[in-house]
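To keep things clear, I will list the structure first and then write my remarks on it.
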Amino acid sequence: MGASSTVGSFPSSLDTPAWKATLNHIAAFLIAVIYIASGSTKVLIPFIWARMMENLHIPASISLPFTVGLGTVELFAGIMILIPRFRRWGGIIGSLLLVAFIGYIGWNYNALVGQDCSCFPWLKRAVNIWFFPEDAAMLGLSTLAALWAKPSHSKRGAAVLFGACVVFAAISFGAALTHQSGTPAPDTILVKGQPYSLQNGRVFIFFFDPECSHCTAAAKAMATYKWKSDVRVVGVPTKVPMWAKPLLADPEARLELFDGFKGVTSPDLVKLKAVFPFGDPPYAVALENGRSIGIVSHYEENDEPRPTLKKLGFIE
């Protein structure tokens, strides 16, 4: 009795030391925040993230499902890491995601230098030489969370959690898809200092950066299309609007958008972007009687945006 009491008073050799458990919790919390933030924003605003994926050379044809799928797995991994009984599994999944991401960027580094690779949409980060130590640090946290965690258990519980993440992603995608179509535009915007109605007929709102060669190429391509006579084009510069004036020159508010693409221009970027959020330009919204009937987010690939504009009925 006495001997067994004495032995029982000592910590088991299998117990995790307090310092190691503490570091495991800290690493798990830090990397879980990154995974959850990155994954949840992908499923909540998938169209913006899909454009970012295309900037990283993910084909436009799969960028949207790829974004939603990746976001779902990242969200699942982050939540798993926060739950001690699932932490090792979550850390392994997260580490594999990071290894794949680092390998992809490394393989395509020369083509991707300068492209946005943010984990957080509000914290901009570009592909450069610092990408590798930064992501190596995240991989270290993820690995630490997995290695120093207790063995995971309850596959059924993990499956239920994954199912919940899939349902959340599906609902979020449905809401985002609904927001892309039928969204009411502001009643009016400013054009040449005067209110300009968006409520009647068909309006093509084209967001562009005057310094962006991609925007210029997109506008020049659209200038060759045969637009329906009742379609009005509104150009909205996303930066340095004073530079846009020479490009969108003048008479009677029939302004020239990059060599032949004609329309008026408006400075109401903030007002319009609050209703129609997007990432980098070029980007456009097609309106009919004041409501969105579609977006135009792809240019150049597969002759876009010609097929999309034809489907919307904006060009012949």
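How things are named: the first chain in the structure tokens is A, the next is B, and so on; residues count from 1 in each chain; ligands count from 1 in the order shown.
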Practice item. Tell me, as a list in words, which residues lie within 7 Å of stretch 160-165 of chain A, counting only C-alpha atoms; anything in the same chain fewer than 4 positions away does not count. Key: Thr72, Phe76, Arg156 and Ala169 of chain A
Practice item. Please give the complete set of residues from stretch 4-241 of chain A that DSSP, run on the backbone, assigns to helix (DSSP H, G or I), formatted as JSON, numbers by chain. Key: {"A": [4, 5, 6, 7, 8, 18, 19, 20, 21, 22, 23, 24, 25, 26, 27, 28, 29, 30, 31, 32, 33, 34, 35, 36, 37, 38, 39, 40, 41, 42, 43, 44, 46, 47, 48, 49, 50, 51, 52, 53, 54, 55, 60, 61, 62, 63, 64, 65, 66, 67, 68, 69, 70, 71, 72, 73, 74, 75, 76, 77, 78, 79, 80, 81, 82, 84, 85, 86, 87, 88, 89, 90, 91, 92, 93, 94, 95, 96, 97, 98, 99, 100, 101, 102, 103, 104, 105, 106, 107, 109, 110, 111, 112, 131, 132, 133, 134, 135, 136, 137, 138, 139, 140, 141, 142, 143, 144, 145, 146, 147, 155, 156, 157, 158, 159, 160, 161, 162, 163, 164, 165, 166, 167, 168, 169, 170, 171, 172, 173, 174, 175, 176, 177, 178, 179, 180, 213, 214, 215, 216, 217, 218, 219, 220, 221, 222, 223, 241]}
Check your understanding: Of the candidates A:Tyr196, A:Tyr283, A:Trp148, A:Tyr35, which shows the shortest atom-to-atom distance to A:Phe47, using only C-alpha atoms?
Key ->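 Among the listed residues, the smallest separation from A:Phe47 belongs to A:Tyr283.
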Point to revise | All residues 8 Å or closer to A:Thr67, only C-alpha atoms, same chain fewer than 6 positions away omitted, as a VMD selection string | key: chain A and resid 42 to 43 46 49 to 50 53
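For the atom pair formed by atom CA of A:Ala176 and atom CA of A:Glu54, the distance is 18.4 Å, given to one decimal.
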